[in-house]
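> Provided below: protein.cif, containing mmCIF, C-alpha atoms and all ligand atoms.
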```cif
data_data
#
loop_
_atom_site.group_PDB
_atom_site.id
_atom_site.type_symbol
_atom_site.label_atom_id
_atom_site.label_comp_id
_atom_site.auth_asym_id
_atom_site.auth_seq_id
_atom_site.Cartn_x
_atom_site.Cartn_y
_atom_site.Cartn_z
ATOM 1 C CA MET A 685 0.000 0.000 0.000
ATOM 2 C CA TYR A 686 1.226 3.490 -0.848
ATOM 3 C CA PHE A 687 0.280 6.135 1.695
ATOM 4 C CA TYR A 688 0.175 9.889 1.088
ATOM 5 C CA ASP A 689 -1.098 12.656 3.321
ATOM 6 C CA LYS A 690 0.165 15.533 1.146
ATOM 7 C CA GLN A 691 -1.416 16.310 -2.218
ATOM 8 C CA THR A 692 1.881 17.507 -3.710
ATOM 9 C CA ASP A 693 3.566 14.167 -2.919
ATOM 10 C CA LEU A 694 0.611 12.197 -4.279
ATOM 11 C CA LYS A 695 0.545 14.222 -7.508
ATOM 12 C CA ALA A 696 4.302 13.800 -7.981
ATOM 13 C CA TYR A 697 4.019 10.035 -7.435
ATOM 14 C CA LEU A 698 1.110 9.674 -9.885
ATOM 15 C CA LYS A 699 3.002 11.713 -12.482
ATOM 16 C CA LYS A 700 6.007 9.457 -12.063
ATOM 17 C CA ILE A 701 4.228 6.108 -12.396
ATOM 18 C CA LEU A 702 1.483 6.817 -14.935
ATOM 19 C CA LEU A 703 1.789 6.357 -18.670
ATOM 20 C CA ASN A 704 -0.543 8.198 -21.055
ATOM 21 C CA ASN A 705 -3.220 5.535 -21.441
ATOM 22 C CA ASP A 706 -3.261 4.178 -17.905
ATOM 23 C CA ASN A 707 -6.727 4.097 -16.348
ATOM 24 C CA VAL A 708 -6.910 5.523 -12.846
ATOM 25 C CA GLY A 709 -9.770 4.380 -10.622
ATOM 26 C CA PHE A 710 -10.750 6.519 -7.655
ATOM 27 C CA VAL A 711 -12.819 5.683 -4.558
ATOM 28 C CA PRO A 712 -13.512 8.622 -2.237
ATOM 29 C CA THR A 713 -14.407 7.669 1.346
ATOM 30 C CA MET A 714 -14.636 9.134 4.824
ATOM 31 C CA GLY A 715 -13.017 6.051 6.343
ATOM 32 C CA ALA A 716 -14.339 3.626 8.997
ATOM 33 C CA LEU A 717 -14.246 1.219 6.096
ATOM 34 C CA HIS A 718 -16.665 -1.674 5.708
ATOM 35 C CA GLU A 719 -17.515 -4.225 3.002
ATOM 36 C CA GLY A 720 -19.512 -1.594 1.080
ATOM 37 C CA HIS A 721 -16.397 0.551 0.659
ATOM 38 C CA LEU A 722 -14.299 -2.504 -0.189
ATOM 39 C CA SER A 723 -16.761 -3.520 -2.924
ATOM 40 C CA LEU A 724 -16.187 -0.142 -4.609
ATOM 41 C CA MET A 725 -12.422 -0.720 -4.413
ATOM 42 C CA LYS A 726 -12.805 -4.228 -5.894
ATOM 43 C CA GLU A 727 -14.758 -2.782 -8.820
ATOM 44 C CA SER A 728 -12.034 -0.202 -9.373
ATOM 45 C CA LEU A 729 -9.224 -2.763 -9.122
ATOM 46 C CA GLN A 730 -10.859 -4.843 -11.866
ATOM 47 C CA ASN A 731 -11.091 -2.006 -14.349
ATOM 48 C CA ASN A 732 -8.105 0.255 -13.816
ATOM 49 C CA LYS A 733 -4.333 0.075 -13.878
ATOM 50 C CA ILE A 734 -4.159 1.779 -10.501
ATOM 51 C CA THR A 735 -6.659 2.523 -7.746
ATOM 52 C CA VAL A 736 -6.558 5.549 -5.470
ATOM 53 C CA VAL A 737 -8.644 5.596 -2.280
ATOM 54 C CA SER A 738 -9.092 8.796 -0.302
ATOM 55 C CA ILE A 739 -9.910 8.815 3.399
ATOM 56 C CA PHE A 740 -11.040 12.185 4.657
ATOM 57 C CA VAL A 741 -13.858 13.159 7.007
ATOM 58 C CA ASN A 742 -14.888 16.290 5.146
ATOM 59 C CA PRO A 743 -15.982 18.950 7.669
ATOM 60 C CA THR A 744 -17.802 21.140 5.124
ATOM 61 C CA GLN A 745 -20.427 18.499 4.331
ATOM 62 C CA PHE A 746 -21.564 18.100 7.952
ATOM 63 C CA ASN A 747 -24.494 20.306 8.894
ATOM 64 C CA ASN A 748 -24.571 18.837 12.402
ATOM 65 C CA PRO A 749 -21.400 19.495 14.513
ATOM 66 C CA GLU A 750 -22.230 16.574 16.840
ATOM 67 C CA ASP A 751 -22.357 14.190 13.856
ATOM 68 C CA LEU A 752 -18.932 15.443 12.693
ATOM 69 C CA LYS A 753 -17.440 15.086 16.165
ATOM 70 C CA LYS A 754 -18.771 11.563 16.648
ATOM 71 C CA TYR A 755 -18.042 10.332 13.122
ATOM 72 C CA PRO A 756 -15.881 7.173 13.555
ATOM 73 C CA ARG A 757 -12.198 7.662 12.706
ATOM 74 C CA THR A 758 -10.263 4.399 12.426
ATOM 75 C CA LEU A 759 -7.309 5.133 10.131
ATOM 76 C CA GLU A 760 -5.034 2.328 11.362
ATOM 77 C CA SER A 761 -7.564 -0.444 10.816
ATOM 78 C CA ASP A 762 -8.723 1.166 7.546
ATOM 79 C CA LEU A 763 -5.170 0.941 6.221
ATOM 80 C CA GLU A 764 -4.957 -2.711 7.324
ATOM 81 C CA LYS A 765 -8.168 -3.517 5.433
ATOM 82 C CA ILE A 766 -6.915 -1.813 2.291
ATOM 83 C CA LYS A 767 -3.540 -3.535 2.530
ATOM 84 C CA SER A 768 -5.132 -6.966 2.808
ATOM 85 C CA LEU A 769 -7.500 -6.255 -0.080
ATOM 86 C CA ASN A 770 -4.660 -5.230 -2.364
ATOM 87 C CA PRO A 771 -1.218 -3.910 -1.423
ATOM 88 C CA GLU A 772 -0.989 -1.902 -4.669
ATOM 89 C CA ILE A 773 -3.772 0.525 -3.688
ATOM 90 C CA ILE A 774 -2.677 4.142 -3.265
ATOM 91 C CA VAL A 775 -4.180 5.893 -0.242
ATOM 92 C CA TYR A 776 -4.569 9.635 0.126
ATOM 93 C CA ALA A 777 -5.521 10.577 3.701
ATOM 94 C CA PRO A 778 -4.922 14.301 4.124
ATOM 95 C CA ASN A 779 -5.772 16.636 6.959
ATOM 96 C CA ALA A 780 -8.081 19.609 6.326
ATOM 97 C CA GLU A 781 -5.130 21.976 5.875
ATOM 98 C CA ASP A 782 -3.617 19.963 3.021
ATOM 99 C CA ILE A 783 -6.835 19.841 1.059
ATOM 100 C CA TYR A 784 -8.485 23.172 1.929
ATOM 101 C CA GLU A 785 -5.238 25.173 2.180
ATOM 102 C CA GLY A 786 -6.402 27.387 5.029
ATOM 103 C CA ASN A 787 -9.902 27.998 3.647
ATOM 104 C CA THR A 788 -12.172 25.256 4.968
ATOM 105 C CA VAL A 789 -15.420 26.457 3.393
ATOM 106 C CA SER A 790 -17.773 25.192 0.698
ATOM 107 C CA LYS A 791 -18.273 26.642 -2.730
ATOM 108 C CA SER A 792 -21.855 26.995 -3.858
ATOM 109 C CA PHE A 793 -23.157 24.619 -6.536
ATOM 110 C CA ASN A 794 -26.199 24.477 -8.769
ATOM 111 C CA TYR A 795 -27.272 20.918 -9.474
ATOM 112 C CA ASP A 796 -30.418 21.820 -11.436
ATOM 113 C CA GLY A 797 -32.696 21.268 -8.439
ATOM 114 C CA LEU A 798 -31.409 17.831 -7.341
ATOM 115 C CA GLU A 799 -29.975 19.562 -4.265
ATOM 116 C CA PHE A 800 -33.381 20.738 -3.027
ATOM 117 C CA GLN A 801 -34.857 17.254 -2.543
ATOM 118 C CA MET A 802 -34.637 14.893 0.445
ATOM 119 C CA GLU A 803 -31.111 15.056 1.932
ATOM 120 C CA GLY A 804 -30.819 18.605 0.594
ATOM 121 C CA LYS A 805 -33.918 19.670 2.528
ATOM 122 C CA HIS A 806 -32.830 18.034 5.737
ATOM 123 C CA ARG A 807 -29.088 18.722 5.621
ATOM 124 C CA PRO A 808 -28.646 22.361 4.549
ATOM 125 C CA GLY A 809 -25.310 22.962 2.806
ATOM 126 C CA HIS A 810 -24.491 19.244 2.671
ATOM 127 C CA PHE A 811 -24.275 18.976 -1.118
ATOM 128 C CA ASP A 812 -22.210 22.162 -1.428
ATOM 129 C CA GLY A 813 -19.705 20.482 0.897
ATOM 130 C CA VAL A 814 -19.842 17.247 -1.106
ATOM 131 C CA GLY A 815 -19.364 19.092 -4.431
ATOM 132 C CA THR A 816 -16.483 21.120 -3.021
ATOM 133 C CA ILE A 817 -14.516 18.135 -1.748
ATOM 134 C CA VAL A 818 -15.203 15.818 -4.682
ATOM 135 C CA LYS A 819 -14.215 18.493 -7.227
ATOM 136 C CA LYS A 820 -10.987 19.170 -5.314
ATOM 137 C CA LEU A 821 -10.193 15.449 -5.157
ATOM 138 C CA PHE A 822 -10.897 15.020 -8.888
ATOM 139 C CA GLU A 823 -8.514 17.910 -9.619
ATOM 140 C CA ILE A 824 -5.764 16.336 -7.512
ATOM 141 C CA ILE A 825 -6.172 12.740 -8.721
ATOM 142 C CA ASN A 826 -7.486 13.179 -12.257
ATOM 143 C CA PRO A 827 -9.236 9.800 -12.287
ATOM 144 C CA THR A 828 -10.509 8.013 -15.398
ATOM 145 C CA ASN A 829 -13.270 6.299 -13.387
ATOM 146 C CA ALA A 830 -14.713 7.206 -9.996
ATOM 147 C CA TYR A 831 -16.837 4.853 -7.909
ATOM 148 C CA PHE A 832 -19.786 5.887 -5.723
ATOM 149 C CA GLY A 833 -22.336 3.764 -3.847
ATOM 150 C CA GLU A 834 -26.061 3.755 -4.560
ATOM 151 C CA LYS A 835 -26.426 3.767 -0.779
ATOM 152 C CA ASP A 836 -26.127 7.560 -1.202
ATOM 153 C CA PHE A 837 -28.246 7.628 -4.343
ATOM 154 C CA GLN A 838 -28.900 11.362 -4.280
ATOM 155 C CA GLN A 839 -25.174 12.024 -3.862
ATOM 156 C CA LEU A 840 -24.450 9.771 -6.867
ATOM 157 C CA ALA A 841 -26.953 11.751 -8.987
ATOM 158 C CA ILE A 842 -25.434 15.016 -7.803
ATOM 159 C CA ILE A 843 -21.868 13.929 -8.636
ATOM 160 C CA LYS A 844 -23.001 12.926 -12.137
ATOM 161 C CA LYS A 845 -24.517 16.405 -12.505
ATOM 162 C CA LEU A 846 -21.379 18.098 -11.118
ATOM 163 C CA VAL A 847 -19.197 16.292 -13.647
ATOM 164 C CA LYS A 848 -21.501 17.085 -16.559
ATOM 165 C CA LYS A 849 -21.938 20.758 -15.725
ATOM 166 C CA ASN A 850 -18.234 21.341 -15.092
ATOM 167 C CA LYS A 851 -17.140 19.134 -18.007
ATOM 168 C CA ILE A 852 -14.848 17.091 -15.736
ATOM 169 C CA PRO A 853 -13.380 14.215 -17.788
ATOM 170 C CA VAL A 854 -14.248 11.301 -15.477
ATOM 171 C CA HIS A 855 -16.707 8.413 -15.718
ATOM 172 C CA ILE A 856 -18.939 8.117 -12.650
ATOM 173 C CA ILE A 857 -19.795 4.539 -11.796
ATOM 174 C CA GLY A 858 -22.628 3.696 -9.391
ATOM 175 C CA CYS A 859 -22.229 0.535 -7.296
ATOM 176 C CA GLN A 860 -24.927 -1.488 -5.585
ATOM 177 C CA ILE A 861 -25.706 -1.275 -1.876
ATOM 178 C CA HIS A 862 -23.928 -3.735 0.429
ATOM 179 C CA ARG A 863 -26.000 -4.927 3.364
ATOM 180 C CA GLU A 864 -25.483 -6.673 6.679
ATOM 181 C CA SER A 865 -27.010 -10.154 6.976
ATOM 182 C CA ASN A 866 -30.216 -8.668 8.445
ATOM 183 C CA GLY A 867 -30.562 -6.307 5.476
ATOM 184 C CA LEU A 868 -29.330 -3.143 7.200
ATOM 185 C CA ALA A 869 -27.362 -1.080 4.661
ATOM 186 C CA MET A 870 -23.701 -1.018 5.677
ATOM 187 C CA SER A 871 -22.629 2.372 6.947
ATOM 188 C CA SER A 872 -19.775 3.791 9.000
ATOM 189 C CA ARG A 873 -22.442 5.225 11.304
ATOM 190 C CA ASN A 874 -23.610 1.664 12.135
ATOM 191 C CA GLU A 875 -20.465 1.503 14.308
ATOM 192 C CA ARG A 876 -22.195 3.860 16.694
ATOM 193 C CA LEU A 877 -25.244 1.605 17.172
ATOM 194 C CA SER A 878 -25.532 -0.805 20.102
ATOM 195 C CA ALA A 879 -25.869 -4.498 19.199
ATOM 196 C CA ASP A 880 -29.570 -4.301 20.012
ATOM 197 C CA GLU A 881 -30.102 -1.182 17.870
ATOM 198 C CA ARG A 882 -28.204 -2.801 15.014
ATOM 199 C CA ASN A 883 -30.463 -5.867 15.150
ATOM 200 C CA LYS A 884 -33.631 -3.827 15.364
ATOM 201 C CA ALA A 885 -32.504 -1.552 12.525
ATOM 202 C CA GLU A 886 -33.432 -4.395 10.146
ATOM 203 C CA ILE A 887 -36.844 -2.712 10.153
ATOM 204 C CA ILE A 888 -35.526 -0.055 7.750
ATOM 205 C CA TYR A 889 -34.849 -2.385 4.823
ATOM 206 C CA LYS A 890 -37.835 -4.615 5.700
ATOM 207 C CA THR A 891 -40.063 -1.545 5.440
ATOM 208 C CA LEU A 892 -38.506 -0.565 2.106
ATOM 209 C CA LYS A 893 -39.125 -4.063 0.718
ATOM 210 C CA THR A 894 -42.762 -4.011 1.842
ATOM 211 C CA ALA A 895 -43.164 -0.495 0.436
ATOM 212 C CA LYS A 896 -41.926 -1.809 -2.899
ATOM 213 C CA LYS A 897 -44.562 -4.573 -2.871
ATOM 214 C CA LEU A 898 -47.310 -2.141 -1.865
ATOM 215 C CA PHE A 899 -46.337 0.314 -4.606
ATOM 216 C CA SER A 900 -47.385 -2.191 -7.288
ATOM 217 C CA THR A 901 -51.023 -1.757 -6.266
ATOM 218 C CA LYS A 902 -51.145 1.467 -4.229
ATOM 219 C CA THR A 903 -50.346 5.134 -4.789
ATOM 220 C CA ALA A 904 -47.180 6.797 -3.515
ATOM 221 C CA THR A 905 -49.283 8.726 -0.981
ATOM 222 C CA GLU A 906 -50.831 5.525 0.381
ATOM 223 C CA VAL A 907 -47.462 3.812 0.660
ATOM 224 C CA THR A 908 -45.954 6.857 2.379
ATOM 225 C CA LYS A 909 -48.828 6.885 4.866
ATOM 226 C CA TRP A 910 -48.260 3.203 5.640
ATOM 227 C CA VAL A 911 -44.527 3.753 6.213
ATOM 228 C CA THR A 912 -45.198 6.775 8.448
ATOM 229 C CA GLU A 913 -47.649 4.752 10.546
ATOM 230 C CA THR A 914 -45.234 1.831 10.760
ATOM 231 C CA PHE A 915 -42.547 4.079 12.249
ATOM 232 C CA GLU A 916 -44.969 5.833 14.598
ATOM 233 C CA LYS A 917 -45.366 2.464 16.324
ATOM 234 C CA GLN A 918 -41.599 2.128 16.792
ATOM 235 C CA LYS A 919 -40.039 3.123 20.108
ATOM 236 C CA ILE A 920 -36.397 3.644 19.232
ATOM 237 C CA PHE A 921 -36.743 4.845 15.626
ATOM 238 C CA THR A 922 -37.870 8.246 14.415
ATOM 239 C CA LEU A 923 -38.673 8.642 10.750
ATOM 240 C CA GLU A 924 -37.201 11.826 9.275
ATOM 241 C CA TYR A 925 -38.558 11.267 5.786
ATOM 242 C CA PHE A 926 -39.845 8.597 3.455
ATOM 243 C CA GLU A 927 -40.318 9.554 -0.177
ATOM 244 C CA ILE A 928 -41.065 7.869 -3.438
ATOM 245 C CA ALA A 929 -39.344 9.875 -6.140
ATOM 246 C CA ASP A 930 -38.494 9.829 -9.823
ATOM 247 C CA GLU A 931 -34.979 8.326 -10.109
ATOM 248 C CA ASN A 932 -33.875 10.989 -12.582
ATOM 249 C CA THR A 933 -35.241 14.219 -11.134
ATOM 250 C CA LEU A 934 -35.594 13.005 -7.510
ATOM 251 C CA ILE A 935 -38.918 14.850 -7.426
ATOM 252 C CA THR A 936 -41.620 13.246 -5.262
ATOM 253 C CA CYS A 937 -44.036 11.052 -7.171
ATOM 254 C CA LYS A 938 -47.542 12.515 -7.103
ATOM 255 C CA ARG A 939 -49.087 10.344 -9.765
ATOM 256 C CA LYS A 940 -47.437 7.200 -11.176
ATOM 257 C CA SER A 941 -46.310 7.390 -14.767
ATOM 258 C CA LYS A 942 -45.486 4.235 -16.771
ATOM 259 C CA ASN A 943 -42.346 5.546 -18.427
ATOM 260 C CA LYS A 944 -40.611 6.703 -15.256
ATOM 261 C CA ASN A 945 -38.431 4.756 -12.834
ATOM 262 C CA TYR A 946 -39.185 5.290 -9.174
ATOM 263 C CA ARG A 947 -37.147 4.724 -6.049
ATOM 264 C CA ALA A 948 -38.107 4.859 -2.365
ATOM 265 C CA PHE A 949 -35.818 6.831 -0.046
ATOM 266 C CA ILE A 950 -35.740 6.803 3.735
ATOM 267 C CA ALA A 951 -33.929 8.571 6.581
ATOM 268 C CA VAL A 952 -34.358 7.355 10.158
ATOM 269 C CA PHE A 953 -32.917 8.419 13.495
ATOM 270 C CA VAL A 954 -31.906 5.820 16.070
ATOM 271 C CA ASN A 955 -30.773 7.484 19.264
ATOM 272 C CA ASN A 956 -29.476 10.592 17.392
ATOM 273 C CA ILE A 957 -27.705 8.454 14.797
ATOM 274 C CA ARG A 958 -29.003 9.119 11.327
ATOM 275 C CA LEU A 959 -29.341 6.213 8.884
ATOM 276 C CA ILE A 960 -30.374 6.387 5.229
ATOM 277 C CA ASP A 961 -31.333 3.746 2.678
ATOM 278 C CA ASN A 962 -33.178 3.399 -0.619
ATOM 279 C CA ILE A 963 -34.640 0.782 -2.952
ATOM 280 C CA SER A 964 -35.483 0.680 -6.649
ATOM 281 C CA LEU A 965 -39.213 0.214 -7.185
ATOM 282 C CA LYS A 966 -38.786 -1.293 -10.651
HETATM 283 P P1 LIG B 1001 -18.637 7.361 2.960
HETATM 284 O O1 LIG B 1001 -17.345 6.895 3.533
HETATM 285 O O2 LIG B 1001 -19.826 7.054 3.792
HETATM 286 O O3 LIG B 1001 -18.577 8.786 2.465
HETATM 287 O O4 LIG B 1001 -18.849 6.486 1.645
HETATM 288 C C1 LIG B 1001 -17.886 6.434 0.628
HETATM 289 C C2 LIG B 1001 -18.493 5.767 -0.579
HETATM 290 O O5 LIG B 1001 -18.895 4.453 -0.232
HETATM 291 C C3 LIG B 1001 -19.748 6.502 -1.087
HETATM 292 O O6 LIG B 1001 -19.753 6.486 -2.499
HETATM 293 C C4 LIG B 1001 -20.854 5.670 -0.525
HETATM 294 O O7 LIG B 1001 -22.058 5.735 -1.269
HETATM 295 C C5 LIG B 1001 -20.254 4.272 -0.599
HETATM 296 N N1 LIG B 1001 -20.923 3.386 0.340
HETATM 297 C C6 LIG B 1001 -21.173 3.615 1.656
HETATM 298 N N2 LIG B 1001 -21.882 2.597 2.176
HETATM 299 C C7 LIG B 1001 -22.088 1.709 1.171
HETATM 300 C C8 LIG B 1001 -22.779 0.457 1.077
HETATM 301 N N3 LIG B 1001 -23.397 -0.088 2.131
HETATM 302 N N4 LIG B 1001 -22.784 -0.166 -0.113
HETATM 303 C C9 LIG B 1001 -22.170 0.381 -1.193
HETATM 304 N N5 LIG B 1001 -21.520 1.553 -1.171
HETATM 305 C C10 LIG B 1001 -21.473 2.214 -0.010
#
```
Before we go any further, please render this structure as structure tokens.
Ligand code: AMP

Amino acid sequence: MYFYDKQTDLKAYLKKILLNNDNVGFVPTMGALHEGHLSLMKESLQNNKITVVSIFVNPTQFNNPEDLKKYPRTLESDLEKIKSLNPEIIVYAPNAEDIYEGNTVSKSFNYDGLEFQMEGKHRPGHFDGVGTIVKKLFEIINPTNAYFGEKDFQQLAIIKKLVKKNKIPVHIIGCQIHRESNGLAMSSRNERLSADERNKAEIIYKTLKTAKKLFSTKTATEVTKWVTETFEKQKIFTLEYFEIADENTLITCKRKSKNKNYRAFIAVFVNNIRLIDNISLK
């Protein structure tokens, strides 16, 4: 494994080893790595000459200071996991100074309205922070292909928009959601759940699967009502939102249309820990 915490050193190394036609795969992460992250790296390893993984808990994308403070940071074990997956992976794990160069603030982005839906409504400024860091990382690494999980489906859509609008020469590749054996979507934030909460959190994906079944015969409003009522009965879970939206525009479905693809999105709090998930309704 090749470790860099300074962008100038990383850039110099990449310049030294890369030939003109070499494909560079890039996997941005915030660390506390799990199988979901590793699946993105595996995909990159299969399709690129080299793979770069970044580990950086980006302060500008956190709207909640408590969430930023408590976000798990496990660099040593992250590096072990990467090394055992493939010792050729190049890791870039900077501090805020190296990447923001004394100006740790977001730029403002226009994502043609994608930023006003769901996560955008509930996490003000989040997608400006995401756009700022991802654009910076793309400029440093210059990847051919970059890998993002469908777990953060809205983020994936927003990155595709960012790349298109700014004409950044990178292919964005969406990767499927990795789940624990009880169906809970893998997430670094799961580390903060107690064993009991982690078991009970299976309700999130179970609800999504039932919502998918219901959506074949019921309207989006009816399904949303059912999900809301299901969570009202739960003691330890608080539903922040459940929405059925058009996969392309992310706008809430009012009336089903045959030629559109829909997806259900959910955000739930368990003891102040925020979990998100989604499912295709196709
Ligand atoms: P994060 O470290 O949470 O910022 O995630 C880094 C990347 O891994 C993002 O593209 C996420 O969408 C992706 N990711 C996180 N969890 C999963 C998962 N359970 N399955 C697949 N990809 C994931």
> Considering all atoms listed in the file, can you say which of A:Arg876, A:Arg757, A:Lys848, A:Lys767 comes closest to Ile957 (chain A)?
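Closest candidate: A:Arg876.
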> Residues within 9 Å of ligand LIG 1001 (chain B) should be enumerated using only C-alpha atoms and all ligand atoms and returned as a ChimeraX atom specification.
/A:711-724,739-742,831-837,839-840,858-864,868-873,961
> Would you translate the PyMOL selection byres (((chain A and resi 851-855) around 10) and not hetatm) into the concrete set of residues it matches in this file, as an MDAnalysis selection string?
chainID A and resid 708:710 819 822:823 826:831 844:850 856:858
> Please provide the set of residues having any atom within 12 Å of Ile920 (chain A), restricted to all atoms listed in the file, with same-chain residues fewer than 6 positions apart removed, written as an MDAnalysis selection string.
chainID A and resid 877:878 880:885 887 952:957
> Could you list the residues chosen by the PyMOL selection byres (((chain A and resi 933) around 12) and not hetatm) in this structure as a list in words?
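For this structure, the PyMOL selection byres (((chain A and resi 933) around 12) and not hetatm) resolves to Tyr795, Asp796, Gly797, Leu798, Glu799, Phe800, Gln801, Met802, Phe837, Gln838, Ala841, Ile842, Lys845, Ile928, Ala929, Asp930, Glu931, Asn932, Leu934, Ile935, Thr936, Cys937, Lys944, Asn945, Tyr946 and Arg947 of chain A.
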> Could you check how far CA of Leu923 (chain A) sits from CA of Asn794 (chain A), in Å to one decimal?
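Computing it gives 28.1 Å between the two atoms.
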> Taking into account all atoms listed in the file, which residue in the set A:Asp689, A:Lys938, A:Phe746, A:Glu764 is nearest to His806 (chain A)?
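Among the listed residues, A:Phe746 lies closest to His806 (chain A).
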> Have a look at CA of Tyr688 (chain A) and CA of Lys791 (chain A) and let me know their distance in Å, one decimal.
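Separating CA of Tyr688 (chain A) from CA of Lys791 (chain A) is a distance of 25.2 Å.
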> Go ahead and compute the interatomic distance for CA of Gln745 (chain A) and CA of Lys820 (chain A), in Å to one decimal.
13.5 Å
> Choose the residue, out of A:Thr905, A:Gln691, A:Lys890, A:Thr922, that has the smallest atom-to-atom separation from Glu785 (chain A); count all atoms listed in the file.
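Among the listed residues, the smallest separation from Glu785 (chain A) belongs to A:Gln691.
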> Need to verify the contact set: Val789 (chain A), 8 Å, only C-alpha atoms, exclusion of same-chain residues closer than 3 positions in sequence. Can you return it as a PyMOL selection string?
chain A and resi 744+784+813
> Could you write out that same residue set with C-alpha atoms as a short mmCIF file (atom, residue, chain, number, x, y, z; two decimals), in the coordinates of the input?

```
data_model
loop_
_atom_site.label_atom_id
_atom_site.label_comp_id
_atom_site.auth_asym_id
_atom_site.auth_seq_id
_atom_site.Cartn_x
_atom_site.Cartn_y
_atom_site.Cartn_z
CA THR A 744 -17.80 21.14 5.12
CA TYR A 784 -8.48 23.17 1.93
CA GLY A 813 -19.70 20.48 0.90
#
```
> When the PyMOL selection byres (((chain A and resi 896-902) around 8) and not hetatm) is applied to the structure above, which residues does it catch, written out as a list in words?
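Written out, the selection comes to Leu892, Lys893, Thr894, Ala895, Thr903, Ala904, Glu906, Val907, Ala948, Ile963, Ser964 and Leu965 of chain A.
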> With all atoms listed in the file as the basis for distance, which of A:Val814, A:Ala879, A:Met725, A:Ile825 is at the shortest distance from Leu702 (chain A)?
A:Ile825
> Nearest to Pro749 (chain A): which of A:Thr914, A:Ser941, A:Arg807, A:Leu821 is it, counting only C-alpha atoms?
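Going through A:Thr914, A:Ser941, A:Arg807, A:Leu821 one by one, the smallest distance to Pro749 (chain A) is for A:Arg807.
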> Which residues are close to Asn770 (chain A), i.e. within 12 Å by only C-alpha atoms, leaving aside same-chain residues fewer than 4 positions away? Reply as a list in words.
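Residues near the query, excluding close chain neighbours: Met685, Tyr686, Leu722, Met725, Lys726, Ser728, Leu729, Gln730, Ile734, Thr735, Val736, Val737, Leu763, Glu764, Lys765, Ile766, Ile774 and Val775 of chain A.
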> Which is closest to Ile817 (chain A) among A:Gly786, A:Lys942, A:Ser768, A:Ser738, if we use all atoms listed in the file?
A:Ser738
> Using all atoms listed in the file, which protein or nucleic acid residues come within 6 Å of Phe949 (chain A)? Drop anything in the same chain fewer than 4 positions from it, and give the result as a VMD selection string.
chain A and resid 926 to 927 962
